[in-house]
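Enquirer: I'd like to ask you about the structure that follows.
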Amino acid sequence: MSRPPLAAACAAVLRRDLVLAWRRRGDIAMPVLYALIVATLFPFALGPEEALLQRIAGGVVLVTVLLAMLLALDAMFRGDIEDGSLEQLVLAPQPLALMLGMKILAHWITTALPLIVIAPLLAGMLHLPGAAMSVLLLALLLATPLLSLLGAILVALTAGTRRSGMLLALMLLPLCVPVVIFAAGAVSAAQQGLPWLAPVAWLGAALAMALVLAPLACAAALRIALDA
Amino acid sequence: MANWIPLWLHKLGSPPIFYRFAGTLRPWALALALLLGMAALYGGLVLAPADYQQGDAYRIIFIHVPSAWMSLFIYGVMALASFIALVWRIKLAEVVAMESAPIGAAFTFVTLVTGSLWGKPMWGTWWTWDARLTSELVLLFLYLGVIGLYHAFEDRRQGARAAAFLALIGIVNVPIVHFSVNWWNTLHQGSTVRILGPSKMSGDMLWPLLTMMAATKFYYIASLFGRVRADLLALESGKDWVRQIAEAEAGR
Amino acid sequence: MSQFFAMGGYAAYVWPAYAVFFIVLIADFLAPGIRRRRQLRELRARLARQGARQQRNPTPSS
């Protein structure tokens with residue numbers, strides 16, 4: 001049996017997921033729309049006072065992006081479980097962790113990247129000062145892959161269950177507390193003119209750890225959840 | 001060669017033997033818990049003098065601190081059992097891990113409620129986003145996540161293994177949460193409240209506290225064994241030994 | 001005695017705390033007993049049904 005080279009397999013998985021996502025473009029737009037709605041509701045609830053909105057802008061954008069990602073997280077492996085292609089992936093000769101890593105990357109590109117693209121718009125609606133904008137984008141660039149990676153482990157754990165959006169939120173909350181704290185901390189430090197490098201560095205360190213460990217954990221979780 | 005120890009442990013892992021073992025130990029653990037608990041309550045509520053700063057309100061410490069300690073201790077036991085369950089696939093370890101979770105959640109809940117009942121007269125607020133309080137809340141969510149995941153599966157053993165994995169992720173997460181919330185708190189200097197660390201407790205306050213800690217430990221053993229027994233019966237309901245128990249208790 | 005129950009003015013905090021502690025632990029302790037009894041009852045009912053079925057057709061066809 002000749003096995004295709006690893007790089008080709010990775011590229012194939014990535015390409016397949018991206019093509020599938022592209023064929024259902026409407027689904028990509030949903031989290032973006034959701035984030036837009038949530039960010040619009042905040043000024044209505046809190047009043048249009050600029051100073052107040054400015055103060056909460058960074059945190060609101062981060063939490064909005066987190067919730068929008070949570071919305072899309074549930075679907076990460078669902079289609080593949082329903083049509084059985086995930087089990088093929090488990091049986092494939094290539095290391096499962098690497099394949100899942102590619103799937104997580106594809107998921108991040110299709111859900112988190114559009115959110116990062118509209119994040120300046122959301123932040124602008126809430127009057128976030130321009131100086132903090134770049135820090136917000138940097139924090140989002142580090143925090144969203146982290147959330148995708150952590151979320152993927154939990155999605156894999158719930159793979160064998162019926163639909164469980166609420167359970168996923170409950171499980172993700174303890175894991176995303178540090179991520180939210182450091183990402184929002186960096187933005188608010190930048191807003192106050194304080195050094196913001198330390199929290200961003202922590203996020204980067206966490207991301208480096210998660211990049212290595214999360215796909216492995218995800219693979220282990222998937223084997224547990226699918227093993228009947 | 002103490003060859004009988006591993007053999008004994010191996011035998012203890014078998015459900016019917018553990019069922020009987022737990023059944024004989026449980027009343028003793030409960031009796032010890034009640035006895036120590038009574039002594040601690042008498043010592044804490046009656047004998048110990050009122051605190052010179054906090055008056056009598058500090059007496060909540062005799063249930064609050066042991067509960068907080070148990071909430072962490074039980075998580076440790078759960079994570080250890082989860083590890084054993086995942087590596088060696090021992091059914092009993094799965095049951096112990098999953099039946100520890102509700103007890104741990106109960107203690108965490110008690111810690112949060114008694115803590116806010118203590119905080120109200122002392123700090124003037126029911127809740128503050130202090131590092132310890134926030135970590136305890138996150139711990140409650142971790143417990144609830146484990147319980148929820150366990151019950152989301154139709155196959156109980158599969159659910160137990162998935163939830164055990166989640167428990168292991170959680171034990172990595174707890175120190176990270178504590179550290180990050182600490183960092184967060186120094187960033188927002190606003191509402192930092194000094195939790196009164198009992199740096200130096202007088203002896204007649206300390207012994208009821210330690211006695212209560214021992215009592216909660218024994219209570220945990222008693223409660224855990226009761227839960228494990230019930231769970232083993234459900235898991236093994238097709239087996240002969242369960243049938244015999246069912247028939248033996250038919251008269252009652 | 002009433003001085004003991006007054007808890008130096010903090011009775012409204014101390015006693016509810018103790019009440020929560022005991023109520024939660026008692027509930028936690030009783031829950032498995034109830035579950036165990038229900039399981040055994042269901043098992044006995046299942047055994048009784050099986051027994052009745054076997055009496056109706058003594059040679060169980062596979």
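By order of appearance in the structure tokens: chains A, B, ..., then residues from 1 within every chain, and ligands from 1 in the order shown.
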List the spatial neighbours of region 137-151 of chain A as number ranges by chain - criterion: any atom at most 7 Å away, only C-alpha atoms, same-chain residues fewer than 6 positions off excluded.

Expert: A: 73, 104, 108, 112, 116, 172, 176, 179, 183, 200, 203-204, 207, 210, 214

Enquirer: Counting only C-alpha atoms, which residues from chain A have an atom at most 6 Å from any atom of chain B, and could you show them as a PDB file with all heavy atoms, in the first residue's frame?

Expert:
ATOM      1  N   LEU A 157     -14.842  15.983  21.951  1.00  0.00           N
ATOM      2  CA  LEU A 157     -15.361  15.213  23.092  1.00  0.00           C
ATOM      3  C   LEU A 157     -16.856  14.998  22.978  1.00  0.00           C
ATOM      4  O   LEU A 157     -17.388  13.974  23.404  1.00  0.00           O
ATOM      5  CB  LEU A 157     -15.060  15.950  24.400  1.00  0.00           C
ATOM      6  CG  LEU A 157     -13.725  15.671  25.048  1.00  0.00           C
ATOM      7  CD1 LEU A 157     -13.591  16.466  26.316  1.00  0.00           C
ATOM      8  CD2 LEU A 157     -13.569  14.197  25.343  1.00  0.00           C
ATOM      9  N   THR A 161     -22.245  12.604  20.984  1.00  0.00           N
ATOM     10  CA  THR A 161     -23.518  12.921  21.634  1.00  0.00           C
ATOM     11  C   THR A 161     -24.481  13.550  20.643  1.00  0.00           C
ATOM     12  O   THR A 161     -24.136  13.874  19.522  1.00  0.00           O
ATOM     13  CB  THR A 161     -23.314  13.913  22.782  1.00  0.00           C
ATOM     14  OG1 THR A 161     -22.901  15.153  22.217  1.00  0.00           O
ATOM     15  CG2 THR A 161     -22.254  13.421  23.733  1.00  0.00           C
ATOM     16  N   LEU A 170     -20.862  25.655  28.199  1.00  0.00           N
ATOM     17  CA  LEU A 170     -20.521  25.403  29.597  1.00  0.00           C
ATOM     18  C   LEU A 170     -19.101  24.869  29.727  1.00  0.00           C
ATOM     19  O   LEU A 170     -18.345  25.240  30.632  1.00  0.00           O
ATOM     20  CB  LEU A 170     -21.525  24.403  30.186  1.00  0.00           C
ATOM     21  CG  LEU A 170     -21.304  23.978  31.624  1.00  0.00           C
ATOM     22  CD1 LEU A 170     -21.469  25.157  32.546  1.00  0.00           C
ATOM     23  CD2 LEU A 170     -22.281  22.877  32.008  1.00  0.00           C
ATOM     24  N   MET A 171     -18.714  23.983  28.798  1.00  0.00           N
ATOM     25  CA  MET A 171     -17.384  23.399  28.873  1.00  0.00           C
ATOM     26  C   MET A 171     -16.309  24.396  28.455  1.00  0.00           C
ATOM     27  O   MET A 171     -15.185  24.361  28.954  1.00  0.00           O
ATOM     28  CB  MET A 171     -17.307  22.155  27.976  1.00  0.00           C
ATOM     29  CG  MET A 171     -18.043  20.964  28.543  1.00  0.00           C
ATOM     30  SD  MET A 171     -18.522  19.798  27.284  1.00  0.00           S
ATOM     31  CE  MET A 171     -16.980  19.367  26.580  1.00  0.00           C
ATOM     32  N   PRO A 174     -14.717  27.748  31.258  1.00  0.00           N
ATOM     33  CA  PRO A 174     -13.496  27.755  32.085  1.00  0.00           C
ATOM     34  C   PRO A 174     -12.233  27.881  31.256  1.00  0.00           C
ATOM     35  O   PRO A 174     -11.257  28.497  31.686  1.00  0.00           O
ATOM     36  CB  PRO A 174     -13.542  26.399  32.798  1.00  0.00           C
ATOM     37  CG  PRO A 174     -14.938  25.957  32.704  1.00  0.00           C
ATOM     38  CD  PRO A 174     -15.487  26.510  31.443  1.00  0.00           C
ATOM     39  N   PRO A 178      -8.993  32.607  30.788  1.00  0.00           N
ATOM     40  CA  PRO A 178      -7.671  33.251  30.659  1.00  0.00           C
ATOM     41  C   PRO A 178      -7.493  33.960  29.325  1.00  0.00           C
ATOM     42  O   PRO A 178      -6.903  35.042  29.271  1.00  0.00           O
ATOM     43  CB  PRO A 178      -6.686  32.079  30.775  1.00  0.00           C
ATOM     44  CG  PRO A 178      -7.458  30.964  31.361  1.00  0.00           C
ATOM     45  CD  PRO A 178      -8.873  31.152  30.976  1.00  0.00           C
TER      46      PRO A 178
END

Enquirer: Taking only C-alpha atoms into account and nothing else, which residues of chain C lie no more than 6 Å away from chain B? Please answer as number ranges by chain.

Expert: C: 7-8, 10, 13-14, 17, 21, 29, 32, 36, 40

Enquirer: Please indicate the distance in Å from CA of Trp241 (chain B) to CA of Ser14 (chain B), rounded to one decimal place.

Expert: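 For CA of Trp241 (chain B) relative to CA of Ser14 (chain B), the distance reads 11.6 Å.
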
Enquirer: Give me, as a list in words, the residues of region 162-197 of chain A that a backbone DSSP run labels helix (DSSP H, G or I).

Expert: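 DSSP on the backbone gives helix (DSSP H, G or I) at Gly165, Met166, Leu167, Leu168, Ala169, Leu170, Met171, Leu172, Leu173, Pro174, Leu175, Cys176, Val177, Pro178, Val179, Val180, Ile181, Phe182, Ala183, Ala184, Gly185, Ala186, Val187, Ser188, Ala189, Ala190, Gln191 and Leu197 of chain A.
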
Enquirer: How would the residues just picked look written out with N, CA, C and O atoms as a JSON list (two decimals), in the first residue's frame?

Expert:
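Final output, saved to result-v3.json:
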[["chain", "number", "residue", "atom", "x", "y", "z"],
["A", 165, "GLY", "N", -25.25, 22.36, 21.99],
["A", 165, "GLY", "CA", -24.65, 23.69, 21.95],
["A", 165, "GLY", "C", -24.41, 24.28, 23.32],
["A", 165, "GLY", "O", -23.36, 24.84, 23.60],
["A", 166, "MET", "N", -25.41, 24.11, 24.21],
["A", 166, "MET", "CA", -25.30, 24.71, 25.54],
["A", 166, "MET", "C", -24.18, 24.04, 26.34],
["A", 166, "MET", "O", -23.42, 24.70, 27.05],
["A", 167, "LEU", "N", -24.10, 22.72, 26.20],
["A", 167, "LEU", "CA", -23.05, 21.99, 26.92],
["A", 167, "LEU", "C", -21.67, 22.47, 26.49],
["A", 167, "LEU", "O", -20.76, 22.64, 27.31],
["A", 168, "LEU", "N", -21.55, 22.73, 25.18],
["A", 168, "LEU", "CA", -20.28, 23.21, 24.65],
["A", 168, "LEU", "C", -19.91, 24.55, 25.30],
["A", 168, "LEU", "O", -18.75, 24.76, 25.67],
["A", 169, "ALA", "N", -20.89, 25.43, 25.43],
["A", 169, "ALA", "CA", -20.63, 26.74, 26.05],
["A", 169, "ALA", "C", -20.18, 26.55, 27.49],
["A", 169, "ALA", "O", -19.23, 27.18, 27.94],
["A", 170, "LEU", "N", -20.86, 25.66, 28.20],
["A", 170, "LEU", "CA", -20.52, 25.40, 29.60],
["A", 170, "LEU", "C", -19.10, 24.87, 29.73],
["A", 170, "LEU", "O", -18.34, 25.24, 30.63],
["A", 171, "MET", "N", -18.71, 23.98, 28.80],
["A", 171, "MET", "CA", -17.38, 23.40, 28.87],
["A", 171, "MET", "C", -16.31, 24.40, 28.45],
["A", 171, "MET", "O", -15.18, 24.36, 28.95],
["A", 172, "LEU", "N", -16.67, 25.29, 27.52],
["A", 172, "LEU", "CA", -15.66, 26.21, 27.00],
["A", 172, "LEU", "C", -15.39, 27.34, 27.99],
["A", 172, "LEU", "O", -14.28, 27.86, 28.03],
["A", 173, "LEU", "N", -16.38, 27.71, 28.77],
["A", 173, "LEU", "CA", -16.23, 28.89, 29.64],
["A", 173, "LEU", "C", -14.96, 28.84, 30.50],
["A", 173, "LEU", "O", -14.17, 29.79, 30.48],
["A", 174, "PRO", "N", -14.72, 27.75, 31.26],
["A", 174, "PRO", "CA", -13.50, 27.75, 32.09],
["A", 174, "PRO", "C", -12.23, 27.88, 31.26],
["A", 174, "PRO", "O", -11.26, 28.50, 31.69],
["A", 175, "LEU", "N", -12.26, 27.32, 30.02],
["A", 175, "LEU", "CA", -11.05, 27.35, 29.22],
["A", 175, "LEU", "C", -10.80, 28.72, 28.63],
["A", 175, "LEU", "O", -9.65, 29.11, 28.39],
["A", 176, "CYS", "N", -11.88, 29.47, 28.35],
["A", 176, "CYS", "CA", -11.66, 30.73, 27.65],
["A", 176, "CYS", "C", -11.49, 31.90, 28.61],
["A", 176, "CYS", "O", -11.17, 33.00, 28.16],
["A", 177, "VAL", "N", -11.66, 31.66, 29.91],
["A", 177, "VAL", "CA", -11.47, 32.76, 30.87],
["A", 177, "VAL", "C", -10.08, 33.39, 30.75],
["A", 177, "VAL", "O", -9.98, 34.61, 30.58],
["A", 178, "PRO", "N", -8.99, 32.61, 30.79],
["A", 178, "PRO", "CA", -7.67, 33.25, 30.66],
["A", 178, "PRO", "C", -7.49, 33.96, 29.32],
["A", 178, "PRO", "O", -6.90, 35.04, 29.27],
["A", 179, "VAL", "N", -8.02, 33.35, 28.25],
["A", 179, "VAL", "CA", -7.86, 33.97, 26.92],
["A", 179, "VAL", "C", -8.51, 35.34, 26.90],
["A", 179, "VAL", "O", -7.92, 36.34, 26.47],
["A", 180, "VAL", "N", -9.76, 35.41, 27.39],
["A", 180, "VAL", "CA", -10.47, 36.68, 27.40],
["A", 180, "VAL", "C", -9.74, 37.69, 28.29],
["A", 180, "VAL", "O", -9.59, 38.86, 27.92],
["A", 181, "ILE", "N", -9.28, 37.24, 29.44],
["A", 181, "ILE", "CA", -8.61, 38.16, 30.36],
["A", 181, "ILE", "C", -7.39, 38.79, 29.72],
["A", 181, "ILE", "O", -7.22, 40.01, 29.72],
["A", 182, "PHE", "N", -6.55, 37.96, 29.09],
["A", 182, "PHE", "CA", -5.32, 38.53, 28.53],
["A", 182, "PHE", "C", -5.59, 39.36, 27.29],
["A", 182, "PHE", "O", -4.98, 40.42, 27.11],
["A", 183, "ALA", "N", -6.51, 38.91, 26.44],
["A", 183, "ALA", "CA", -6.79, 39.67, 25.22],
["A", 183, "ALA", "C", -7.40, 41.02, 25.59],
["A", 183, "ALA", "O", -6.95, 42.08, 25.10],
["A", 184, "ALA", "N", -8.41, 41.01, 26.44],
["A", 184, "ALA", "CA", -9.04, 42.27, 26.83],
["A", 184, "ALA", "C", -8.08, 43.12, 27.64],
["A", 184, "ALA", "O", -8.09, 44.35, 27.53],
["A", 185, "GLY", "N", -7.24, 42.47, 28.43],
["A", 185, "GLY", "CA", -6.25, 43.20, 29.23],
["A", 185, "GLY", "C", -5.28, 43.97, 28.34],
["A", 185, "GLY", "O", -4.95, 45.12, 28.62],
["A", 186, "ALA", "N", -4.86, 43.34, 27.24],
["A", 186, "ALA", "CA", -3.93, 44.01, 26.32],
["A", 186, "ALA", "C", -4.60, 45.25, 25.73],
["A", 186, "ALA", "O", -4.00, 46.33, 25.67],
["A", 187, "VAL", "N", -5.88, 45.08, 25.30],
["A", 187, "VAL", "CA", -6.56, 46.21, 24.67],
["A", 187, "VAL", "C", -6.74, 47.36, 25.66],
["A", 187, "VAL", "O", -6.48, 48.52, 25.35],
["A", 188, "SER", "N", -7.17, 47.01, 26.88],
["A", 188, "SER", "CA", -7.43, 48.09, 27.82],
["A", 188, "SER", "C", -6.13, 48.74, 28.27],
["A", 188, "SER", "O", -6.09, 49.94, 28.54],
["A", 189, "ALA", "N", -5.04, 47.96, 28.32],
["A", 189, "ALA", "CA", -3.74, 48.58, 28.65],
["A", 189, "ALA", "C", -3.33, 49.56, 27.55],
["A", 189, "ALA", "O", -2.86, 50.66, 27.83],
["A", 190, "ALA", "N", -3.53, 49.14, 26.31],
["A", 190, "ALA", "CA", -3.17, 50.03, 25.20],
["A", 190, "ALA", "C", -4.02, 51.30, 25.24],
["A", 190, "ALA", "O", -3.54, 52.39, 24.94],
["A", 191, "GLN", "N", -5.29, 51.15, 25.63],
["A", 191, "GLN", "CA", -6.19, 52.31, 25.70],
["A", 191, "GLN", "C", -5.73, 53.29, 26.77],
["A", 191, "GLN", "O", -5.89, 54.50, 26.62],
["A", 197, "LEU", "N", 2.52, 44.78, 25.98],
["A", 197, "LEU", "CA", 3.23, 43.66, 25.39],
["A", 197, "LEU", "C", 3.10, 42.39, 26.23],
["A", 197, "LEU", "O", 2.97, 41.29, 25.70]]

Enquirer: For the atom pair CA of Gly47 (chain A) and CA of Ala132 (chain A), what is the interatomic distance in Å to one decimal place?

Expert: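 Answer for the CA of Gly47 (chain A) to CA of Ala132 (chain A) separation: 22.1 Å.
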
Enquirer: Can you tell me, as a count of residues only, what residues are no more than 12 Å from region 21-29 of chain A when counting only C-alpha atoms, ignoring any on the same chain fewer than 3 positions away?

Expert: 30

Enquirer: Env of region 128-131 of chain A: 6 Å cut, atoms = only C-alpha atoms, seq-sep filter 5 positions within chain, self excluded. Answer as a count of residues only.

Expert: 3

Enquirer: So how many Å separate CA of Glu94 (chain B) and CA of Pro27 (chain B), to one decimal?

Expert: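 Interatomic distance, CA of Glu94 (chain B) to CA of Pro27 (chain B): 23.3 Å.
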
Enquirer: Would you mind listing what lies within 6 Å of Ala97 (chain B) as a ChimeraX atom specification, with only C-alpha atoms counted and same-chain residues fewer than 6 positions away left out?

Expert: /B:78,81-82

Enquirer: Could you name the residues that touch Arg223 (chain A) at 12 Å or less, counting only C-alpha atoms, but leaving out those on the same chain fewer than 6 positions away, as a list of chain:residue names?

Expert: A:Leu86, A:Glu87, A:Leu89, A:Val90, A:Leu91, A:Leu96, A:Ala97, A:Leu100, A:Ile153, A:Ala156, A:Leu157, A:Thr158, A:Ala159, A:Gly160, A:Leu216, A:Ala217, B:Leu86, B:Gln158, B:Arg161, B:Ala162, B:Phe165

Enquirer: My list of candidates is B:Gly44, B:Phe18, B:Lys11, B:Gly23. Which is closest to Gly203 (chain B) when distances are computed with only C-alpha atoms?

Expert: B:Gly44

Enquirer: Check the smallest atom-to-atom distance from each of B:Asp51, B:Ala39, B:Pro66, B:Ala248 to Arg44 (chain C) using only C-alpha atoms, then report the winner.

Expert: B:Ala248
